[in-house]
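**Q** I'd like to ask some things about the structure below.
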Amino acid sequence: MKAAFAFLVAGIGLLAPTGAQAHHSFAAEYDAKKPVTLKGAVTKVEWTNPHARFYVDVKDENGTVTNWNFELASPNVLSRNGWTRHSLNVGDQVTVEGAQAKDGSQMANARSVILADGKKVFAGSAAEPAPNQ
């Protein structure tokens with residue numbers, strides 16, 4: 001019985017580093033020196049681990065629409081900061097502040113989101129501590 005338990009613990013130990021390595025740091029993917037503030041309509045919400053995400057159609061000054069991908073914290077962190085899975089809904093008009101991806105793509109790490117009702121919520125960005133912590 002002790003041998004079986006030892007094998008189980010060893011197996012878990014081999015798997016644990018894999019998950020930790022798959023998780024990226026803010027600095028590896030986003031550039032804090034590339035702040036963005038974008039307004040548009042929410043097109044999709046993914047309330048999943050390790051990071052929740054949402055997508056927004058942003059219209060530029062020429063009328064061209066681009067779909068942006070915004071990364072949030074994990075659902076657990078968002079819940080502790082007052083979010084629910086229904087805080088963002090498809091069609092909601094939002095303003096998002098964050099840091100753009102280093103590769104210049106239409107992806108950003110959201111810092112805060114101003115919801116359709118005007119409420120500003122903390123997005124759980126890895127770049128800044130939560131205001132209530």
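Identifiers in this document derive from the order of the structure tokens: chains are assigned A, B, ..., residues are numbered from 1 separately in each chain, and ligands are numbered from 1 in order of occurrence.
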Taking 2 positions as the minimum chain separation for residues in the same chain, which residues sit within 9 Å of Val113 (chain A) when counting only C-alpha atoms? Answer as a PyMOL selection string.

**A** chain A and resi 94-98+110-111+115+119-123

**Q** Keeping all heavy atoms for every residue in the selection just given, could you write it to a file as an mmCIF file, in the first residue's frame?

**A**
```cif
data_model
loop_
_atom_site.group_PDB
_atom_site.id
_atom_site.type_symbol
_atom_site.label_atom_id
_atom_site.label_comp_id
_atom_site.auth_asym_id
_atom_site.auth_seq_id
_atom_site.Cartn_x
_atom_site.Cartn_y
_atom_site.Cartn_z
ATOM 1 N N VAL A 94 -18.771 48.350 -24.132
ATOM 2 C CA VAL A 94 -17.786 48.472 -23.052
ATOM 3 C C VAL A 94 -16.607 49.323 -23.495
ATOM 4 O O VAL A 94 -16.374 49.510 -24.693
ATOM 5 C CB VAL A 94 -17.265 47.084 -22.599
ATOM 6 C CG1 VAL A 94 -18.379 46.246 -21.984
ATOM 7 C CG2 VAL A 94 -16.601 46.335 -23.749
ATOM 8 N N THR A 95 -15.888 49.826 -22.504
ATOM 9 C CA THR A 95 -14.602 50.484 -22.722
ATOM 10 C C THR A 95 -13.585 49.685 -21.934
ATOM 11 O O THR A 95 -13.789 49.419 -20.746
ATOM 12 C CB THR A 95 -14.626 51.946 -22.233
ATOM 13 O OG1 THR A 95 -15.659 52.644 -22.933
ATOM 14 C CG2 THR A 95 -13.292 52.623 -22.467
ATOM 15 N N VAL A 96 -12.497 49.304 -22.589
ATOM 16 C CA VAL A 96 -11.490 48.455 -21.958
ATOM 17 C C VAL A 96 -10.150 49.180 -21.943
ATOM 18 O O VAL A 96 -9.727 49.735 -22.955
ATOM 19 C CB VAL A 96 -11.330 47.123 -22.718
ATOM 20 C CG1 VAL A 96 -10.397 46.187 -21.969
ATOM 21 C CG2 VAL A 96 -12.672 46.462 -22.954
ATOM 22 N N GLU A 97 -9.497 49.174 -20.778
ATOM 23 C CA GLU A 97 -8.141 49.696 -20.642
ATOM 24 C C GLU A 97 -7.232 48.512 -20.376
ATOM 25 O O GLU A 97 -7.562 47.642 -19.571
ATOM 26 C CB GLU A 97 -8.057 50.677 -19.477
ATOM 27 C CG GLU A 97 -8.915 51.902 -19.649
ATOM 28 C CD GLU A 97 -8.943 52.765 -18.397
ATOM 29 O OE1 GLU A 97 -8.690 52.257 -17.280
ATOM 30 O OE2 GLU A 97 -9.227 53.957 -18.547
ATOM 31 N N GLY A 98 -6.075 48.486 -21.055
ATOM 32 C CA GLY A 98 -5.170 47.373 -20.845
ATOM 33 C C GLY A 98 -3.841 47.578 -21.532
ATOM 34 O O GLY A 98 -3.478 48.701 -21.892
ATOM 35 N N ALA A 110 -6.516 42.919 -20.242
ATOM 36 C CA ALA A 110 -7.403 43.953 -19.728
ATOM 37 C C ALA A 110 -7.026 44.317 -18.296
ATOM 38 O O ALA A 110 -6.765 43.452 -17.471
ATOM 39 C CB ALA A 110 -8.849 43.492 -19.788
ATOM 40 N N ARG A 111 -6.980 45.606 -18.005
ATOM 41 C CA ARG A 111 -6.728 46.113 -16.658
ATOM 42 C C ARG A 111 -8.041 46.493 -15.990
ATOM 43 O O ARG A 111 -8.281 46.183 -14.843
ATOM 44 C CB ARG A 111 -5.779 47.302 -16.720
ATOM 45 C CG ARG A 111 -5.419 47.870 -15.359
ATOM 46 C CD ARG A 111 -4.391 48.997 -15.438
ATOM 47 N NE ARG A 111 -4.864 50.087 -16.261
ATOM 48 C CZ ARG A 111 -4.300 50.494 -17.407
ATOM 49 N NH1 ARG A 111 -3.233 49.886 -17.879
ATOM 50 N NH2 ARG A 111 -4.787 51.505 -18.088
ATOM 51 N N LEU A 115 -18.320 48.985 -17.812
ATOM 52 C CA LEU A 115 -19.476 48.245 -18.303
ATOM 53 C C LEU A 115 -20.505 49.185 -18.925
ATOM 54 O O LEU A 115 -20.413 50.410 -18.784
ATOM 55 C CB LEU A 115 -20.102 47.447 -17.154
ATOM 56 C CG LEU A 115 -19.173 46.446 -16.469
ATOM 57 C CD1 LEU A 115 -19.846 45.831 -15.257
ATOM 58 C CD2 LEU A 115 -18.717 45.366 -17.443
ATOM 59 N N LYS A 119 -20.397 51.334 -14.734
ATOM 60 C CA LYS A 119 -19.612 50.804 -13.617
ATOM 61 C C LYS A 119 -18.240 50.355 -14.118
ATOM 62 O O LYS A 119 -18.132 49.623 -15.096
ATOM 63 C CB LYS A 119 -20.340 49.632 -12.976
ATOM 64 C CG LYS A 119 -19.601 49.009 -11.816
ATOM 65 C CD LYS A 119 -20.389 47.849 -11.237
ATOM 66 C CE LYS A 119 -19.611 47.176 -10.136
ATOM 67 N NZ LYS A 119 -20.305 45.977 -9.630
ATOM 68 N N LYS A 120 -17.184 50.791 -13.427
ATOM 69 C CA LYS A 120 -15.819 50.384 -13.769
ATOM 70 C C LYS A 120 -15.420 49.227 -12.868
ATOM 71 O O LYS A 120 -15.497 49.318 -11.648
ATOM 72 C CB LYS A 120 -14.848 51.557 -13.584
ATOM 73 C CG LYS A 120 -13.438 51.266 -14.061
ATOM 74 C CD LYS A 120 -12.574 52.518 -13.990
ATOM 75 C CE LYS A 120 -11.215 52.295 -14.598
ATOM 76 N NZ LYS A 120 -10.417 53.533 -14.629
ATOM 77 N N VAL A 121 -14.998 48.128 -13.493
ATOM 78 C CA VAL A 121 -14.614 46.944 -12.731
ATOM 79 C C VAL A 121 -13.162 46.588 -13.004
ATOM 80 O O VAL A 121 -12.667 46.755 -14.117
ATOM 81 C CB VAL A 121 -15.531 45.740 -13.036
ATOM 82 C CG1 VAL A 121 -16.915 45.962 -12.468
ATOM 83 C CG2 VAL A 121 -15.597 45.445 -14.513
ATOM 84 N N PHE A 122 -12.485 46.125 -11.970
ATOM 85 C CA PHE A 122 -11.104 45.682 -12.065
ATOM 86 C C PHE A 122 -11.071 44.346 -12.796
ATOM 87 O O PHE A 122 -11.858 43.453 -12.506
ATOM 88 C CB PHE A 122 -10.515 45.563 -10.667
ATOM 89 C CG PHE A 122 -9.143 44.975 -10.631
ATOM 90 C CD1 PHE A 122 -8.058 45.693 -11.099
ATOM 91 C CD2 PHE A 122 -8.932 43.706 -10.137
ATOM 92 C CE1 PHE A 122 -6.781 45.146 -11.073
ATOM 93 C CE2 PHE A 122 -7.665 43.159 -10.104
ATOM 94 C CZ PHE A 122 -6.594 43.883 -10.576
ATOM 95 N N ALA A 123 -10.176 44.215 -13.755
ATOM 96 C CA ALA A 123 -10.142 43.024 -14.600
ATOM 97 C C ALA A 123 -9.168 41.955 -14.133
ATOM 98 O O ALA A 123 -9.018 40.936 -14.796
ATOM 99 C CB ALA A 123 -9.823 43.429 -16.039
#
```

**Q** Would you mind writing down, as a list in words, each residue of region 27-90 of chain A that DSSP on the backbone assigns to helix (DSSP H, G or I)?

**A**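 Assigned to helix (DSSP H, G or I), within region 27-90 of chain A: Ala27, Ala28, Glu29, Pro75, Asn76, Val77, Leu78, Ser79 and Arg80 of chain A.
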
**Q** Output all heavy atoms for every residue in that selection, as a PDB file, in the first residue's frame.

**A**
```
ATOM      1  N   ALA A  27       4.605  39.691 -18.561  1.00  0.00           N
ATOM      2  CA  ALA A  27       5.716  40.277 -19.324  1.00  0.00           C
ATOM      3  C   ALA A  27       6.119  39.436 -20.531  1.00  0.00           C
ATOM      4  O   ALA A  27       6.690  39.953 -21.484  1.00  0.00           O
ATOM      5  CB  ALA A  27       6.919  40.486 -18.419  1.00  0.00           C
ATOM      6  N   ALA A  28       5.809  38.157 -20.512  1.00  0.00           N
ATOM      7  CA  ALA A  28       6.164  37.302 -21.648  1.00  0.00           C
ATOM      8  C   ALA A  28       5.287  37.585 -22.868  1.00  0.00           C
ATOM      9  O   ALA A  28       5.734  37.418 -23.992  1.00  0.00           O
ATOM     10  CB  ALA A  28       6.028  35.838 -21.250  1.00  0.00           C
ATOM     11  N   GLU A  29       4.070  38.044 -22.640  1.00  0.00           N
ATOM     12  CA  GLU A  29       3.141  38.196 -23.747  1.00  0.00           C
ATOM     13  C   GLU A  29       2.664  39.630 -23.988  1.00  0.00           C
ATOM     14  O   GLU A  29       2.321  39.984 -25.110  1.00  0.00           O
ATOM     15  CB  GLU A  29       1.913  37.310 -23.498  1.00  0.00           C
ATOM     16  CG  GLU A  29       1.081  37.134 -24.719  1.00  0.00           C
ATOM     17  CD  GLU A  29       0.117  35.956 -24.596  1.00  0.00           C
ATOM     18  OE1 GLU A  29       0.192  35.210 -23.619  1.00  0.00           O
ATOM     19  OE2 GLU A  29      -0.707  35.813 -25.498  1.00  0.00           O
ATOM     20  N   PRO A  75     -11.416  32.981 -13.512  1.00  0.00           N
ATOM     21  CA  PRO A  75     -12.768  33.202 -12.987  1.00  0.00           C
ATOM     22  C   PRO A  75     -12.797  33.329 -11.464  1.00  0.00           C
ATOM     23  O   PRO A  75     -13.562  34.123 -10.924  1.00  0.00           O
ATOM     24  CB  PRO A  75     -13.536  31.963 -13.457  1.00  0.00           C
ATOM     25  CG  PRO A  75     -12.856  31.591 -14.735  1.00  0.00           C
ATOM     26  CD  PRO A  75     -11.388  31.870 -14.463  1.00  0.00           C
ATOM     27  N   ASN A  76     -11.944  32.588 -10.771  1.00  0.00           N
ATOM     28  CA  ASN A  76     -11.897  32.662  -9.316  1.00  0.00           C
ATOM     29  C   ASN A  76     -11.477  34.060  -8.841  1.00  0.00           C
ATOM     30  O   ASN A  76     -12.094  34.641  -7.951  1.00  0.00           O
ATOM     31  CB  ASN A  76     -10.934  31.598  -8.777  1.00  0.00           C
ATOM     32  CG  ASN A  76     -10.960  31.498  -7.271  1.00  0.00           C
ATOM     33  OD1 ASN A  76     -11.948  31.818  -6.629  1.00  0.00           O
ATOM     34  ND2 ASN A  76      -9.862  31.039  -6.701  1.00  0.00           N
ATOM     35  N   VAL A  77     -10.440  34.610  -9.433  1.00  0.00           N
ATOM     36  CA  VAL A  77      -9.978  35.960  -9.074  1.00  0.00           C
ATOM     37  C   VAL A  77     -11.049  36.989  -9.437  1.00  0.00           C
ATOM     38  O   VAL A  77     -11.343  37.902  -8.660  1.00  0.00           O
ATOM     39  CB  VAL A  77      -8.636  36.294  -9.760  1.00  0.00           C
ATOM     40  CG1 VAL A  77      -8.279  37.762  -9.601  1.00  0.00           C
ATOM     41  CG2 VAL A  77      -7.519  35.413  -9.209  1.00  0.00           C
ATOM     42  N   LEU A  78     -11.642  36.839 -10.616  1.00  0.00           N
ATOM     43  CA  LEU A  78     -12.694  37.777 -11.019  1.00  0.00           C
ATOM     44  C   LEU A  78     -13.865  37.737 -10.042  1.00  0.00           C
ATOM     45  O   LEU A  78     -14.399  38.783  -9.658  1.00  0.00           O
ATOM     46  CB  LEU A  78     -13.169  37.458 -12.439  1.00  0.00           C
ATOM     47  CG  LEU A  78     -12.149  37.706 -13.541  1.00  0.00           C
ATOM     48  CD1 LEU A  78     -12.667  37.155 -14.865  1.00  0.00           C
ATOM     49  CD2 LEU A  78     -11.804  39.173 -13.664  1.00  0.00           C
ATOM     50  N   SER A  79     -14.261  36.548  -9.606  1.00  0.00           N
ATOM     51  CA  SER A  79     -15.357  36.418  -8.644  1.00  0.00           C
ATOM     52  C   SER A  79     -15.039  37.131  -7.342  1.00  0.00           C
ATOM     53  O   SER A  79     -15.901  37.796  -6.763  1.00  0.00           O
ATOM     54  CB  SER A  79     -15.656  34.944  -8.367  1.00  0.00           C
ATOM     55  OG  SER A  79     -16.163  34.327  -9.515  1.00  0.00           O
ATOM     56  N   ARG A  80     -13.794  37.021  -6.886  1.00  0.00           N
ATOM     57  CA  ARG A  80     -13.396  37.710  -5.652  1.00  0.00           C
ATOM     58  C   ARG A  80     -13.419  39.222  -5.817  1.00  0.00           C
ATOM     59  O   ARG A  80     -13.472  39.955  -4.839  1.00  0.00           O
ATOM     60  CB  ARG A  80     -12.001  37.249  -5.213  1.00  0.00           C
ATOM     61  CG  ARG A  80     -12.000  35.846  -4.647  1.00  0.00           C
ATOM     62  CD  ARG A  80     -10.699  35.527  -3.931  1.00  0.00           C
ATOM     63  NE  ARG A  80      -9.524  35.826  -4.698  1.00  0.00           N
ATOM     64  CZ  ARG A  80      -8.704  34.922  -5.237  1.00  0.00           C
ATOM     65  NH1 ARG A  80      -8.956  33.648  -5.104  1.00  0.00           N
ATOM     66  NH2 ARG A  80      -7.636  35.306  -5.902  1.00  0.00           N
TER      67      ARG A  80
END
```

**Q** Between A:Pro35, A:Ala52, A:Gly118, A:Gln100, which is the closest to Trp68 (chain A) once you count only C-alpha atoms?

**A**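 Between A:Pro35, A:Ala52, A:Gly118, A:Gln100, the residue approaching Trp68 (chain A) most closely is A:Gln100.
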
**Q** Mind giving me the straight-line distance from CA of Lys102 (chain A) to CA of Ile114 (chain A) in Å, one decimal?

**A**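 That distance, rounded to one decimal, is 23.7 Å.
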
**Q** Between CA of Phe54 (chain A) and CA of Val36 (chain A), measure the distance and give it in Å to one decimal.

**A**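 Spanning CA of Phe54 (chain A) to CA of Val36 (chain A) is a straight-line distance of 15.4 Å.
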
**Q** Taking only C-alpha atoms into account, which of A:Ser74, A:Val45, A:Lys39, A:Gly124 comes nearest Asp60 (chain A)?

**A** A:Lys39
